[in-house]
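Reading through the structure tokens given below for one structure.
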Amino acid sequence: MKSLFSICICLICFVSNAQIKNEVLFKINDDEHRVEEFVNSFQKNADLISSSNESIEQHLDRFINFHLKLKSAYHLGLDTLPSFQKEFGRYYKQIADNYISNGEVTEAMVKETYDRTKTEVRASHILLNLPNTEADTTAVYQKALMLKKRIENGEDFESLAKQFSDDPSVKANGGDLNWFNTFKMVYEFENTAYNLEVGEVSDPVKTDFGYHIIKKTGERPSKGQLKTAHIMLLPSDSLQDPEVRIQKIYKRLQESEDFHELAIKYSQDPNTASNGGYVSPFSLGGLNSKVYENESYELENEGDYTEPFKTRFGWHIVKLIETIPLEPYDEVKDDYKRRLKSSSRSKVLVSKIKEDLEKLYEVEISEKAKNHFLGLMDESFSKGKWNYEPDETSTSQFIFRVEDHQVDYKTFGEYLERQQRSLSKLPANEVVLETAVDDLVYSELLNYHKTKLPEIDKEFGEKIDEYKNGILIFDYMSAKIWEPVSKDSLAQKKYYENHKKEFVIPSKVQGQLYTSKDKKSLKTLRSELKKRSKTDTLAINLPENIIIEEVTLAEDSDKLPKKFKFKEGLSKIYKHLDQFMIMDVKEVEISKIPEFKEVNGKIISHLQNQKEEDVVSELRADYDVEINNDVLKQLKEELEK
């Protein structure tokens, strides 16, 4: 049988070169759906298809069902409902805002960003927040210069940061921002940090947050992404000090025991313990623990592991599994272009976008209108108290026009009135007016361009259709399947009564689990535990080669041998997972059938799946579905070559 990977490769090569991509694969009534559309869906769902071993025929079946539901949704008029229009409008704006493609990011900017990812820098800063008035801003700038001078005169940067910085994290970090590279800081800050020498302190740098004084404290080559694994113990434990236990585990590592087997046995991270402690790959700044991140990046070779260290989550030992290097420039530059447009670098692009849009669309600005408004702007404007009073011609005359859309006097006058406080800081009314016109022209150009994007950009059109169809399907499923089932409590209870045995909860034991590689040590310990009074709460001094855990385990747990007896008290010694174990069982929870409310969610999910099958059967009966078997056969033959 051909592997899915090879089929996907064939799909890409075959569909990109063969005429069959334009052939009709199936029809629903008179609506035709072509091979290319199906192949695009197949590729987007490759991971799902692979995990479920889904065949081409099965995916085609699901694809047809999707379009049957979509056709029914349009037939029911779900796309005309106000709730849909509001949701789709929000998605459209969001996608269009991130998709403006006319203002191309320059190759130099993309290359600069990529080159910086090869290097990581570390910096500290002092932040002075910006006040509301221009006069006070000047005073803040002077204060920043004063602090820079004090640093140059030898005063300690960290001490000054703790005394003067407005960054709330300064109390904990002394101004240290740790290691970072591109996209982690606003562009002005990043640009300054990369251009400093290690140990050098910058002049005041202005960002949207305020004025920064930046000290570069380190620079190193980037390792790219790291794949790690860890053994984690929670920070508190009633049985034994976690630090003592993590040191015991660390000693066993040094004695050449397998890291991942120890993680399965002892790690208390519920997300990673069962798979050997493996953590998803992360890049610099990708974790919410700087301590874990820094310890990981200090590891030099794959297979190296750290000494035990503590974070706010608990005690860790981290092993470096793999260093994933940066991808080649040609493979990431398109992604970087998209990210640059939505990053703080976007300010650099605004003028280029406006320039390109003005080439694409016709813009007409009325000089007569500009002179009219210049005459209306008296001294009250500079005080922020100017009011626009429209007359009878204010809606019939325009100040500028973008294609067939014009902005009239009334709209522009109201815009000026709303923006006067920010605009009044500019030096002259002529500059104020030109700035207001430029800003509003740019805004209108963008808005107009967004409405035209589906016509001029095929990729955007496909993407917006995908979102539209996705919202419609969600609304359809909610109305026809999910909500009716969720509200039908009688059907849910009837299913529960008829299928109780499907929800049986297995037996569980709770108590202390003792494990060791040395059976003799466990025998000695077991004897001591048997002698100890049940009321004796003093912890027994455990030898170095025994580890204790407080656990609650189900009968199918990997930590328990198959023949383990579920009864209270001290168990016998078992050999399990290449070591020996005993358990002091404090409580046994016998297998039981849960109450209805405990499994109601599972019942609803099952009934919804049944309901969906019924709805699809009805749609198959209501609509004529015709598959072009010759095209399907040809497609399969090409894929299986």
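Scheme for the structure tokens: letters A, B, ... for chains in order shown; per-chain residue numbers from 1; ligand numbers from 1 in order shown.
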Kindly assemble as JSON lines a list of the stretch 536-604 of chain A residues that lie within 9 Å of stretch 254-267 of chain A, each paired with its nearest atom pair and their distance in Å to one decimal, using only C-alpha atoms, sorted first by chain and then by ascending residue number.
{"residue": "A:Ile547", "atom": "CA", "partner": "A:Tyr266", "partner_atom": "CA", "distance": 8.6}
{"residue": "A:Glu549", "atom": "CA", "partner": "A:Tyr266", "partner_atom": "CA", "distance": 7.7}
{"residue": "A:Asp558", "atom": "CA", "partner": "A:Lys265", "partner_atom": "CA", "distance": 9.0}
{"residue": "A:Lys559", "atom": "CA", "partner": "A:Lys265", "partner_atom": "CA", "distance": 7.0}
{"residue": "A:Leu577", "atom": "CA", "partner": "A:Glu261", "partner_atom": "CA", "distance": 8.6}
Helix (DSSP H, G or I) call set, DSSP backbone run, stretch 128-170 of chain A, as a list in words: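 Taking stretch 128-170 of chain A and keeping helix (DSSP H, G or I) only, one gets Glu134, Ala135, Asp136, Thr137, Thr138, Ala139, Val140, Tyr141, Gln142, Lys143, Ala144, Leu145, Met146, Leu147, Lys148, Lys149, Arg150, Ile151, Glu152, Phe157, Glu158, Ser159, Leu160, Ala161, Lys162, Gln163, Phe164 and Val170 of chain A.
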Those in stretch 554-583 of chain A with strand (DSSP E) from DSSP, as a list in words: Ala554, Gly569, Leu570, Tyr574, Lys575, His576, Gln579, Phe580, Met581, Ile582 and Met583 of chain A
Restricted to all heavy atoms, what would the selected residues look like written as a compact mmCIF listing (two decimals), in the first residue's frame?
# COMPACT_ATOMS: atom_id res chain seq x y z
N ALA A 554 -5.39 4.04 38.65
CA ALA A 554 -6.46 3.17 38.17
C ALA A 554 -5.88 1.78 37.89
O ALA A 554 -4.66 1.62 37.72
CB ALA A 554 -7.10 3.75 36.92
N GLY A 569 -3.96 -1.58 52.82
CA GLY A 569 -2.83 -2.12 53.56
C GLY A 569 -1.57 -2.19 52.73
O GLY A 569 -1.51 -1.71 51.59
N LEU A 570 -0.57 -2.80 53.29
CA LEU A 570 0.74 -2.88 52.64
C LEU A 570 0.78 -4.05 51.67
O LEU A 570 0.48 -5.19 52.04
CB LEU A 570 1.81 -3.04 53.72
CG LEU A 570 3.25 -2.77 53.31
CD1 LEU A 570 3.43 -1.34 52.83
CD2 LEU A 570 4.17 -3.03 54.51
N TYR A 574 6.43 -6.37 44.35
CA TYR A 574 6.24 -6.76 42.95
C TYR A 574 7.46 -6.31 42.14
O TYR A 574 8.08 -5.27 42.44
CB TYR A 574 5.02 -6.07 42.34
CG TYR A 574 3.69 -6.51 42.91
CD1 TYR A 574 3.12 -5.83 44.00
CD2 TYR A 574 2.98 -7.57 42.34
CE1 TYR A 574 1.89 -6.21 44.51
CE2 TYR A 574 1.74 -7.95 42.85
CZ TYR A 574 1.20 -7.27 43.94
OH TYR A 574 -0.02 -7.64 44.43
N LYS A 575 7.78 -7.06 41.11
CA LYS A 575 8.77 -6.61 40.13
C LYS A 575 8.00 -6.04 38.94
O LYS A 575 7.15 -6.71 38.36
CB LYS A 575 9.68 -7.74 39.68
CG LYS A 575 10.79 -7.24 38.73
CD LYS A 575 11.81 -8.32 38.41
CE LYS A 575 12.93 -7.71 37.56
NZ LYS A 575 13.94 -8.74 37.18
N HIS A 576 8.31 -4.77 38.61
CA HIS A 576 7.53 -4.09 37.57
C HIS A 576 8.37 -2.98 36.96
O HIS A 576 9.06 -2.23 37.67
CB HIS A 576 6.25 -3.51 38.18
CG HIS A 576 5.34 -2.88 37.19
ND1 HIS A 576 4.86 -3.53 36.08
CD2 HIS A 576 4.80 -1.63 37.14
CE1 HIS A 576 4.07 -2.73 35.39
NE2 HIS A 576 4.02 -1.56 36.01
N GLN A 579 12.13 -2.67 37.88
CA GLN A 579 12.49 -2.34 39.24
C GLN A 579 11.49 -3.04 40.17
O GLN A 579 10.61 -3.78 39.72
CB GLN A 579 12.48 -0.82 39.46
CG GLN A 579 11.14 -0.16 39.25
CD GLN A 579 11.22 1.34 39.47
OE1 GLN A 579 12.22 1.87 39.91
NE2 GLN A 579 10.14 2.03 39.18
N PHE A 580 11.63 -2.80 41.46
CA PHE A 580 10.74 -3.41 42.44
C PHE A 580 9.87 -2.34 43.09
O PHE A 580 10.27 -1.18 43.17
CB PHE A 580 11.55 -4.17 43.50
CG PHE A 580 12.35 -5.30 42.93
CD1 PHE A 580 13.67 -5.11 42.53
CD2 PHE A 580 11.77 -6.56 42.74
CE1 PHE A 580 14.41 -6.15 41.98
CE2 PHE A 580 12.50 -7.60 42.20
CZ PHE A 580 13.81 -7.40 41.82
N MET A 581 8.68 -2.74 43.54
CA MET A 581 7.76 -1.77 44.12
C MET A 581 6.91 -2.41 45.21
O MET A 581 6.63 -3.61 45.20
CB MET A 581 6.83 -1.18 43.05
CG MET A 581 5.98 -2.23 42.33
SD MET A 581 4.39 -1.60 41.75
CE MET A 581 3.47 -1.51 43.28
N ILE A 582 6.53 -1.58 46.19
CA ILE A 582 5.47 -1.93 47.13
C ILE A 582 4.57 -0.72 47.25
O ILE A 582 4.99 0.41 46.98
CB ILE A 582 6.02 -2.32 48.52
CG1 ILE A 582 6.90 -1.21 49.09
CG2 ILE A 582 6.73 -3.65 48.49
CD1 ILE A 582 7.36 -1.48 50.51
N MET A 583 3.33 -0.95 47.67
CA MET A 583 2.42 0.17 47.85
C MET A 583 1.69 0.03 49.17
O MET A 583 1.18 -1.05 49.51
CB MET A 583 1.41 0.25 46.70
CG MET A 583 0.53 1.48 46.77
SD MET A 583 -0.41 1.77 45.25
CE MET A 583 -1.31 3.25 45.74
Contacts of stretch 118-130 of chain A within 6 Å, only C-alpha atoms, excl. fewer than 5 positions in-chain, as a ChimeraX atom specification: /A:161,165-167,175-181,210-222
Contact residues around A:Lys310 with only C-alpha atoms at 9 Å, ignoring same-chain residues under 6 positions, as number ranges by chain: A: 235, 243, 291-292, 316
Å distance separating atom CA of A:Tyr496 from atom CA of A:Glu483, one decimal place: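 If I compute the distance from atom CA of A:Tyr496 to atom CA of A:Glu483, I get 18.7 Å.
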Distance of atom CA of A:Asp556 from atom CA of A:Ser507, expressed in Å to one decimal place: 8.7 Å
